[in-house]
>>> print(open('protein-v2.csv').read())   # CSV, C-alpha atoms
chain,number,residue,atom,x,y,z
A,1,MET,CA,7.8,28.2,5.7
A,2,LEU,CA,7.1,26.1,8.9
A,3,SER,CA,3.9,27.9,9.6
A,4,MET,CA,2.7,27.2,6.0
A,5,LEU,CA,3.6,23.6,6.4
A,6,GLY,CA,1.7,23.5,9.6
A,7,VAL,CA,-1.4,24.7,7.8
A,8,GLY,CA,-0.8,22.0,5.2
A,9,ALA,CA,-0.5,19.3,7.8
A,10,ALA,CA,-3.8,20.4,9.4
A,11,GLY,CA,-5.4,20.2,6.0
A,12,LEU,CA,-4.3,16.6,5.6
A,13,ALA,CA,-6.1,15.8,8.8
A,14,ALA,CA,-9.2,17.6,7.7
A,15,ALA,CA,-9.7,16.1,4.2
A,16,PRO,CA,-7.8,14.4,1.4
A,17,TYR,CA,-8.5,17.1,-1.2
A,18,LEU,CA,-6.5,19.6,0.8
A,19,GLN,CA,-3.4,17.4,0.4
A,20,ARG,CA,-3.3,18.3,-3.3
A,21,GLY,CA,-2.7,22.0,-2.4
A,22,PHE,CA,-0.1,21.0,0.2
A,23,GLU,CA,1.7,18.8,-2.3
A,24,LYS,CA,1.6,21.6,-4.9
A,25,PHE,CA,3.1,24.0,-2.4
A,26,LEU,CA,5.9,21.5,-1.5
A,27,GLY,CA,6.7,20.8,-5.2
A,28,ALA,CA,6.9,24.5,-6.0
A,29,ALA,CA,9.2,25.1,-3.1
A,30,SER,CA,11.4,22.0,-3.9
A,31,GLN,CA,11.3,21.1,-0.2
A,32,VAL,CA,11.0,17.9,1.8
A,33,ASP,CA,8.1,17.9,4.2
A,34,PRO,CA,9.7,18.3,7.7
A,35,THR,CA,6.4,17.4,9.4
A,36,GLY,CA,6.9,13.7,8.5
A,37,LEU,CA,3.3,13.4,7.4
A,38,THR,CA,4.1,12.9,3.7
A,39,GLY,CA,7.9,12.7,3.4
A,40,LEU,CA,7.6,13.8,-0.2
A,41,LEU,CA,10.6,13.5,-2.5
A,42,PRO,CA,11.0,13.5,-6.3
A,43,ASN,CA,11.5,10.0,-7.6
A,44,GLY,CA,12.3,8.4,-11.0
A,45,GLY,CA,9.8,7.2,-13.5
A,46,GLY,CA,7.1,9.6,-12.5
A,47,PHE,CA,6.7,8.1,-9.0
A,48,ARG,CA,6.9,10.1,-5.8
A,49,PHE,CA,8.3,8.9,-2.5
A,50,TYR,CA,6.0,9.1,0.6
A,51,ASN,CA,7.0,8.1,4.1
A,52,VAL,CA,5.1,8.7,7.3
A,53,ALA,CA,7.8,7.3,9.6
A,54,ALA,CA,10.9,9.1,10.9
A,55,SER,CA,13.1,6.2,9.5
A,56,VAL,CA,12.6,2.8,7.9
A,57,PRO,CA,15.0,-0.1,8.3
A,58,HIS,CA,16.4,-1.9,5.2
A,59,LYS,CA,15.4,-5.5,4.8
A,60,ASP,CA,16.6,-8.2,2.4
A,61,ALA,CA,16.6,-11.9,2.0
A,62,THR,CA,18.7,-12.4,5.2
A,63,ASN,CA,16.2,-10.8,7.5
A,64,TYR,CA,12.8,-10.2,5.8
A,65,GLN,CA,9.7,-11.9,7.1
A,66,LEU,CA,6.0,-11.7,6.3
A,67,LYS,CA,3.7,-12.9,9.0
A,68,ILE,CA,0.2,-14.2,8.2
A,69,ASP,CA,-1.9,-14.5,11.4
A,70,GLY,CA,-5.2,-13.6,13.0
A,71,LEU,CA,-8.3,-15.6,12.3
A,72,VAL,CA,-6.6,-18.4,10.4
A,73,ASP,CA,-6.0,-22.1,10.9
A,74,HIS,CA,-2.3,-22.0,10.0
A,75,PRO,CA,-0.4,-18.9,11.0
A,76,THR,CA,2.7,-18.7,8.8
A,77,THR,CA,5.8,-16.7,8.5
A,78,TYR,CA,7.3,-16.4,5.0
A,79,THR,CA,10.9,-15.5,4.2
A,80,LEU,CA,11.7,-13.6,1.0
A,81,ASP,CA,13.0,-16.8,-0.6
A,82,ALA,CA,9.9,-18.6,0.4
A,83,LEU,CA,7.7,-16.0,-1.3
A,84,ARG,CA,9.8,-16.1,-4.4
A,85,LYS,CA,9.2,-19.9,-4.7
A,86,LEU,CA,5.4,-19.5,-4.7
A,87,PRO,CA,3.4,-19.2,-7.9
A,88,GLN,CA,3.8,-15.6,-9.3
A,89,THR,CA,1.3,-13.5,-11.1
A,90,ARG,CA,1.9,-10.4,-13.2
A,91,VAL,CA,-0.4,-7.4,-13.6
A,92,VAL,CA,0.1,-4.3,-15.8
A,93,ARG,CA,-2.0,-1.3,-14.8
A,94,ASP,CA,-1.8,2.5,-14.4
A,95,VAL,CA,-0.7,3.5,-11.0
A,96,GLN,CA,-2.7,6.4,-9.7
A,97,CYS,CA,-2.2,8.5,-6.6
A,98,VAL,CA,-5.2,10.3,-4.9
A,99,THR,CA,-3.2,13.5,-5.2
A,100,GLY,CA,-3.4,13.3,-9.0
A,101,TRP,CA,-0.1,11.9,-10.4
A,102,ARG,CA,-0.2,8.8,-12.5
A,103,VAL,CA,2.3,6.3,-13.9
A,104,PRO,CA,0.8,4.5,-16.9
A,105,LYS,CA,1.2,0.7,-17.7
A,106,THR,CA,3.3,-0.2,-14.7
A,107,PRO,CA,4.0,-4.0,-14.3
A,108,PHE,CA,3.9,-5.6,-10.8
A,109,GLU,CA,4.6,-9.2,-10.1
A,110,GLY,CA,4.2,-11.3,-7.0
A,111,VAL,CA,2.0,-13.7,-5.0
A,112,ARG,CA,-1.7,-13.3,-5.0
A,113,VAL,CA,-3.1,-12.5,-1.5
A,114,SER,CA,-5.8,-15.0,-2.2
A,115,ASP,CA,-3.2,-17.8,-2.5
A,116,LEU,CA,-1.7,-16.9,0.9
A,117,LEU,CA,-5.2,-16.8,2.5
A,118,ASP,CA,-6.0,-20.2,1.0
A,119,ALA,CA,-2.8,-21.7,2.5
A,120,ALA,CA,-3.5,-20.1,5.9
A,121,GLY,CA,-7.2,-21.2,6.0
A,122,VAL,CA,-9.4,-18.3,6.9
A,123,HIS,CA,-11.9,-18.8,9.7
A,124,PRO,CA,-15.6,-18.3,8.9
A,125,GLU,CA,-15.7,-15.2,11.0
A,126,GLY,CA,-12.8,-13.6,9.1
A,127,LYS,CA,-14.2,-10.7,7.1
A,128,ALA,CA,-11.2,-8.4,6.4
A,129,LEU,CA,-7.5,-8.0,6.4
A,130,ARG,CA,-5.2,-5.6,8.2
A,131,PHE,CA,-1.8,-5.0,6.7
A,132,THR,CA,1.1,-3.7,8.7
A,133,CYS,CA,4.6,-2.5,7.7
A,134,PHE,CA,8.1,-2.7,9.1
A,135,ASP,CA,8.3,1.1,9.2
A,136,GLY,CA,6.4,0.6,12.4
A,137,THR,CA,3.8,3.2,11.5
A,138,TYR,CA,1.8,2.5,8.3
A,139,SER,CA,-1.2,0.2,8.0
A,140,GLU,CA,-3.9,-0.6,5.5
A,141,SER,CA,-7.1,-2.6,5.2
A,142,LEU,CA,-9.2,-4.5,2.7
A,143,THR,CA,-12.3,-6.5,3.0
A,144,LEU,CA,-11.9,-10.2,2.3
A,145,PRO,CA,-13.6,-10.1,-1.1
A,146,GLN,CA,-11.4,-7.1,-2.1
A,147,ALA,CA,-8.3,-9.0,-1.0
A,148,ARG,CA,-9.2,-12.1,-2.9
A,149,ARG,CA,-9.3,-10.3,-6.3
A,150,SER,CA,-6.9,-11.7,-8.8
A,151,ASP,CA,-5.2,-8.2,-9.1
A,152,VAL,CA,-4.3,-7.9,-5.4
A,153,MET,CA,-0.9,-9.2,-4.6
A,154,VAL,CA,2.1,-9.3,-2.3
A,155,ALA,CA,4.4,-7.7,-4.8
A,156,LEU,CA,8.1,-8.7,-5.2
A,157,LYS,CA,8.8,-7.0,-8.5
A,158,MET,CA,7.9,-3.6,-10.0
A,159,GLN,CA,8.7,-2.6,-13.6
A,160,ASP,CA,10.2,-6.1,-14.0
A,161,LYS,CA,12.8,-5.5,-11.3
A,162,PRO,CA,13.0,-6.4,-7.6
A,163,ILE,CA,11.1,-3.7,-5.7
A,164,SER,CA,13.6,-1.1,-4.4
A,165,TYR,CA,13.8,0.2,-0.9
A,166,ASP,CA,12.3,3.6,-1.9
A,167,HIS,CA,9.4,1.9,-3.6
A,168,GLY,CA,8.6,-0.2,-0.5
A,169,GLY,CA,10.9,-3.2,-1.0
A,170,PRO,CA,11.7,-5.9,-0.8
A,171,VAL,CA,7.9,-6.6,-0.5
A,172,ARG,CA,4.9,-4.4,-0.7
A,173,LEU,CA,1.2,-4.7,-1.1
A,174,TYR,CA,-0.2,-3.9,-4.6
A,175,VAL,CA,-3.9,-3.3,-5.0
A,176,ALA,CA,-4.3,-2.6,-8.7
A,177,PRO,CA,-7.8,-1.1,-8.9
A,178,MET,CA,-7.4,1.3,-6.0
A,179,TYR,CA,-5.5,4.5,-5.3
A,180,PHE,CA,-1.9,3.9,-4.5
A,181,TYR,CA,-2.1,4.7,-0.8
A,182,LYS,CA,-3.9,1.3,-0.5
A,183,SER,CA,-0.7,-0.4,-1.7
A,184,ALA,CA,1.2,-0.4,1.5
A,185,LYS,CA,5.0,-0.3,1.3
A,186,TRP,CA,7.5,-2.3,3.4
A,187,LEU,CA,4.9,-5.0,4.1
A,188,SER,CA,5.5,-7.2,7.1
A,189,GLY,CA,2.2,-8.5,8.3
A,190,ILE,CA,-1.3,-9.7,7.1
A,191,SER,CA,-3.8,-10.3,9.8
A,192,VAL,CA,-7.3,-11.7,9.2
A,193,THR,CA,-9.8,-9.8,11.3
A,194,SER,CA,-13.6,-9.9,11.9
A,195,GLU,CA,-14.1,-6.3,10.6
A,196,VAL,CA,-12.3,-3.6,8.7
A,197,LYS,CA,-9.9,-1.6,10.7
A,198,PRO,CA,-9.1,1.7,8.9
A,199,GLY,CA,-5.5,2.2,7.9
A,200,TYR,CA,-3.1,5.1,8.5
A,201,TRP,CA,-4.4,7.6,5.9
A,202,GLU,CA,-8.0,6.6,6.4
A,203,GLU,CA,-7.7,7.9,10.0
A,204,TYR,CA,-7.1,11.3,8.3
A,205,GLY,CA,-10.2,11.2,6.1
A,206,TYR,CA,-9.2,9.1,3.1
A,207,ASP,CA,-11.7,6.6,1.7
A,208,VAL,CA,-11.6,3.1,3.3
A,209,ASP,CA,-12.6,1.7,-0.1
A,210,GLY,CA,-10.1,3.5,-2.3
A,211,TRP,CA,-11.4,2.5,-5.8
A,212,VAL,CA,-10.1,4.8,-8.5
A,213,GLY,CA,-13.0,6.9,-9.6
A,214,LYS,CA,-15.4,5.7,-6.8
A,215,SER,CA,-16.5,7.2,-3.5
A,216,ASN,CA,-16.1,5.5,-0.2
A,217,GLY,CA,-18.3,2.5,0.2
A,218,ARG,CA,-20.4,3.0,-2.9
A,219,SER,CA,-19.4,-0.2,-4.7
A,220,ASP,CA,-17.1,-3.2,-4.6
A,221,THR,CA,-16.8,-3.2,-8.4
A,222,PRO,CA,-14.1,-0.7,-9.6
A,223,THR,CA,-14.3,1.3,-12.8
A,224,VAL,CA,-10.9,0.2,-13.9
>>> encode(input="protein-v2.csv", output="structure tokens")
Amino acid sequence: MLSMLGVGAAGLAAAPYLQRGFEKFLGAASQVDPTGLTGLLPNGGGFRFYNVAASVPHKDATNYQLKIDGLVDHPTTYTLDALRKLPQTRVVRDVQCVTGWRVPKTPFEGVRVSDLLDAAGVHPEGKALRFTCFDGTYSESLTLPQARRSDVMVALKMQDKPISYDHGGPVRLYVAPMYFYKSAKWLSGISVTSEVKPGYWEEYGYDVDGWVGKSNGRSDTPTV
């Protein structure tokens, strides 16, 4: 079992398509990945739980913070209550994972990333965003034009309920037109940078531009 999992982990590092076989193997064996690379568990509503950290702390309104920093005029730290008081937007789209599973017509609600950027005041040399998470491990990236789309948000609700811990709550990134690995869970920081810094899975070969149905770097206009 462990040797087969080791082969699967090596496949993840080689190319994303090998993850599909790895996930299929795990599902057939009804096992949790002990390598920590995927942390795959069954989850309700068609979703699957992925975790790349050994453990993730629980955060709530008493201790959650989202820091906006980097190449901005006004670095800001938002509490959960402060985020809830900002204008909210709602998007209903299919959620699609690069491994093949899909959850149709899933509503997300939260604060547009573009609104947070406008409040912070992005420097002219700011070209991209780096997203970090309070699991201490995961990260993601978007270009500035991608992040300013109206369907990219700091999400506080999913399926019309506060985002649960397993789904990355209390706050996660949601990038509607991209594969779900771009929607980082347990979001804790947004830094404006001068260039794109590849995120966690992108270091293992995933596309930096994760448009559903598009190849890496081909277009900034998604098909959905």
>>> residues_around(input="protein-v2.csv", residues="segment 85-99 of chain A", least_positions_apart="4", cutoff="6 Å", atoms="all atoms listed in the file", output="number ranges by chain")
A: 20, 103-111, 179-180
>>> closest_residue(input="protein-v2.csv", among="A:Val152, A:Leu66, A:Val212, A:Ile190", to="Thr132 of chain A", atoms="only C-alpha atoms")
A:Ile190
>>> atom_distance(input="protein-v2.csv", atom1="atom CA of His167 of chain A", atom2="atom CA of Lys185 of chain A")
6.9 Å
>>> residues_around(input="protein-v2.csv", residues="Arg112 of chain A", least_positions_apart="3", cutoff="7 Å", atoms="only C-alpha atoms", output="list in words")
Thr89, Asp115, Leu116, Ser150, Val152, Met153 and Val154 of chain A
>>> residues_around(input="protein-v2.csv", residues="Val122 of chain A", least_positions_apart="2", cutoff="10 Å", atoms="only C-alpha atoms", output="ChimeraX atom specification")
/A:69-75,116-120,124-127,144,192-193
>>> atom_distance(input="protein-v2.csv", atom1="atom CA of Tyr174 of chain A", atom2="atom CA of Leu187 of chain A")
10.1 Å
>>> residues_near_point(input="protein-v2.csv", point="(-1.2, -2.9, 10.6)", cutoff="9 Å", atoms="all atoms listed in the file", output="PyMOL selection string")
chain A and resi 130-133+136-141+188-191+197+199-200
>>> build_atoms(input="protein-v2.csv", residues="segment 134-166 of chain A", atoms="N, CA and C atoms", output="PDB file, in the coordinates of the input")
ATOM      1  N   PHE A 134       6.924  -2.726   8.178  1.00  0.00           N
ATOM      2  CA  PHE A 134       8.100  -2.700   9.100  1.00  0.00           C
ATOM      3  C   PHE A 134       8.657  -1.292   9.262  1.00  0.00           C
ATOM      4  N   ASP A 135       7.964  -0.269   8.764  1.00  0.00           N
ATOM      5  CA  ASP A 135       8.300   1.100   9.200  1.00  0.00           C
ATOM      6  C   ASP A 135       7.796   1.389  10.576  1.00  0.00           C
ATOM      7  N   GLY A 136       6.927   0.488  11.083  1.00  0.00           N
ATOM      8  CA  GLY A 136       6.400   0.600  12.400  1.00  0.00           C
ATOM      9  C   GLY A 136       5.251   1.600  12.567  1.00  0.00           C
ATOM     10  N   THR A 137       4.785   2.174  11.450  1.00  0.00           N
ATOM     11  CA  THR A 137       3.800   3.200  11.500  1.00  0.00           C
ATOM     12  C   THR A 137       2.589   2.949  10.574  1.00  0.00           C
ATOM     13  N   TYR A 138       2.868   2.611   9.327  1.00  0.00           N
ATOM     14  CA  TYR A 138       1.800   2.500   8.300  1.00  0.00           C
ATOM     15  C   TYR A 138       0.994   1.267   8.456  1.00  0.00           C
ATOM     16  N   SER A 139      -0.267   1.373   8.074  1.00  0.00           N
ATOM     17  CA  SER A 139      -1.200   0.200   8.000  1.00  0.00           C
ATOM     18  C   SER A 139      -2.192   0.436   6.955  1.00  0.00           C
ATOM     19  N   GLU A 140      -2.811  -0.649   6.524  1.00  0.00           N
ATOM     20  CA  GLU A 140      -3.900  -0.600   5.500  1.00  0.00           C
ATOM     21  C   GLU A 140      -4.894  -1.672   5.797  1.00  0.00           C
ATOM     22  N   SER A 141      -5.987  -1.646   5.031  1.00  0.00           N
ATOM     23  CA  SER A 141      -7.100  -2.600   5.200  1.00  0.00           C
ATOM     24  C   SER A 141      -7.734  -2.929   3.911  1.00  0.00           C
ATOM     25  N   LEU A 142      -8.298  -4.128   3.834  1.00  0.00           N
ATOM     26  CA  LEU A 142      -9.200  -4.500   2.700  1.00  0.00           C
ATOM     27  C   LEU A 142     -10.234  -5.452   3.288  1.00  0.00           C
ATOM     28  N   THR A 143     -11.384  -5.483   2.655  1.00  0.00           N
ATOM     29  CA  THR A 143     -12.300  -6.500   3.000  1.00  0.00           C
ATOM     30  C   THR A 143     -11.831  -7.835   2.378  1.00  0.00           C
ATOM     31  N   LEU A 144     -12.361  -8.944   2.840  1.00  0.00           N
ATOM     32  CA  LEU A 144     -11.900 -10.200   2.300  1.00  0.00           C
ATOM     33  C   LEU A 144     -12.212 -10.366   0.811  1.00  0.00           C
ATOM     34  N   PRO A 145     -13.415  -9.996   0.326  1.00  0.00           N
ATOM     35  CA  PRO A 145     -13.600 -10.100  -1.100  1.00  0.00           C
ATOM     36  C   PRO A 145     -12.693  -9.194  -1.925  1.00  0.00           C
ATOM     37  N   GLN A 146     -12.370  -8.005  -1.421  1.00  0.00           N
ATOM     38  CA  GLN A 146     -11.400  -7.100  -2.100  1.00  0.00           C
ATOM     39  C   GLN A 146     -10.035  -7.822  -2.181  1.00  0.00           C
ATOM     40  N   ALA A 147      -9.593  -8.384  -1.069  1.00  0.00           N
ATOM     41  CA  ALA A 147      -8.300  -9.000  -1.000  1.00  0.00           C
ATOM     42  C   ALA A 147      -8.160 -10.226  -1.886  1.00  0.00           C
ATOM     43  N   ARG A 148      -9.271 -10.885  -2.132  1.00  0.00           N
ATOM     44  CA  ARG A 148      -9.200 -12.100  -2.900  1.00  0.00           C
ATOM     45  C   ARG A 148      -9.301 -11.848  -4.443  1.00  0.00           C
ATOM     46  N   ARG A 149      -9.351 -10.599  -4.853  1.00  0.00           N
ATOM     47  CA  ARG A 149      -9.300 -10.300  -6.300  1.00  0.00           C
ATOM     48  C   ARG A 149      -7.988 -10.791  -6.885  1.00  0.00           C
ATOM     49  N   SER A 150      -8.040 -11.132  -8.149  1.00  0.00           N
ATOM     50  CA  SER A 150      -6.900 -11.700  -8.800  1.00  0.00           C
ATOM     51  C   SER A 150      -5.791 -10.592  -9.062  1.00  0.00           C
ATOM     52  N   ASP A 151      -6.152  -9.295  -8.927  1.00  0.00           N
ATOM     53  CA  ASP A 151      -5.200  -8.200  -9.100  1.00  0.00           C
ATOM     54  C   ASP A 151      -4.756  -7.553  -7.837  1.00  0.00           C
ATOM     55  N   VAL A 152      -4.828  -8.303  -6.748  1.00  0.00           N
ATOM     56  CA  VAL A 152      -4.300  -7.900  -5.400  1.00  0.00           C
ATOM     57  C   VAL A 152      -3.235  -8.821  -5.022  1.00  0.00           C
ATOM     58  N   MET A 153      -2.041  -8.314  -4.793  1.00  0.00           N
ATOM     59  CA  MET A 153      -0.900  -9.200  -4.600  1.00  0.00           C
ATOM     60  C   MET A 153       0.077  -8.672  -3.534  1.00  0.00           C
ATOM     61  N   VAL A 154       0.855  -9.600  -3.015  1.00  0.00           N
ATOM     62  CA  VAL A 154       2.100  -9.300  -2.300  1.00  0.00           C
ATOM     63  C   VAL A 154       3.168  -9.187  -3.333  1.00  0.00           C
ATOM     64  N   ALA A 155       3.560  -7.975  -3.673  1.00  0.00           N
ATOM     65  CA  ALA A 155       4.400  -7.700  -4.800  1.00  0.00           C
ATOM     66  C   ALA A 155       5.904  -7.847  -4.467  1.00  0.00           C
ATOM     67  N   LEU A 156       6.637  -8.549  -5.326  1.00  0.00           N
ATOM     68  CA  LEU A 156       8.100  -8.700  -5.200  1.00  0.00           C
ATOM     69  C   LEU A 156       8.849  -7.967  -6.277  1.00  0.00           C
ATOM     70  N   LYS A 157       8.160  -7.665  -7.378  1.00  0.00           N
ATOM     71  CA  LYS A 157       8.800  -7.000  -8.500  1.00  0.00           C
ATOM     72  C   LYS A 157       7.896  -5.809  -8.954  1.00  0.00           C
ATOM     73  N   MET A 158       8.543  -4.743  -9.405  1.00  0.00           N
ATOM     74  CA  MET A 158       7.900  -3.600 -10.000  1.00  0.00           C
ATOM     75  C   MET A 158       8.665  -3.184 -11.217  1.00  0.00           C
ATOM     76  N   GLN A 159       8.011  -2.976 -12.344  1.00  0.00           N
ATOM     77  CA  GLN A 159       8.700  -2.600 -13.600  1.00  0.00           C
ATOM     78  C   GLN A 159       9.752  -3.688 -13.935  1.00  0.00           C
ATOM     79  N   ASP A 160       9.394  -4.938 -13.649  1.00  0.00           N
ATOM     80  CA  ASP A 160      10.200  -6.100 -14.000  1.00  0.00           C
ATOM     81  C   ASP A 160      11.560  -6.148 -13.265  1.00  0.00           C
ATOM     82  N   LYS A 161      11.641  -5.492 -12.126  1.00  0.00           N
ATOM     83  CA  LYS A 161      12.800  -5.500 -11.300  1.00  0.00           C
ATOM     84  C   LYS A 161      12.423  -5.729  -9.840  1.00  0.00           C
ATOM     85  N   PRO A 162      13.307  -6.293  -9.003  1.00  0.00           N
ATOM     86  CA  PRO A 162      13.000  -6.400  -7.600  1.00  0.00           C
ATOM     87  C   PRO A 162      12.604  -5.004  -7.041  1.00  0.00           C
ATOM     88  N   ILE A 163      11.605  -4.967  -6.194  1.00  0.00           N
ATOM     89  CA  ILE A 163      11.100  -3.700  -5.700  1.00  0.00           C
ATOM     90  C   ILE A 163      12.230  -3.049  -4.812  1.00  0.00           C
ATOM     91  N   SER A 164      12.556  -1.822  -5.116  1.00  0.00           N
ATOM     92  CA  SER A 164      13.600  -1.100  -4.400  1.00  0.00           C
ATOM     93  C   SER A 164      13.148  -0.675  -3.023  1.00  0.00           C
ATOM     94  N   TYR A 165      14.087  -0.271  -2.214  1.00  0.00           N
ATOM     95  CA  TYR A 165      13.800   0.200  -0.900  1.00  0.00           C
ATOM     96  C   TYR A 165      12.830   1.426  -0.936  1.00  0.00           C
ATOM     97  N   ASP A 166      13.131   2.411  -1.804  1.00  0.00           N
ATOM     98  CA  ASP A 166      12.300   3.600  -1.900  1.00  0.00           C
ATOM     99  C   ASP A 166      10.881   3.286  -2.325  1.00  0.00           C
TER     100      ASP A 166
END
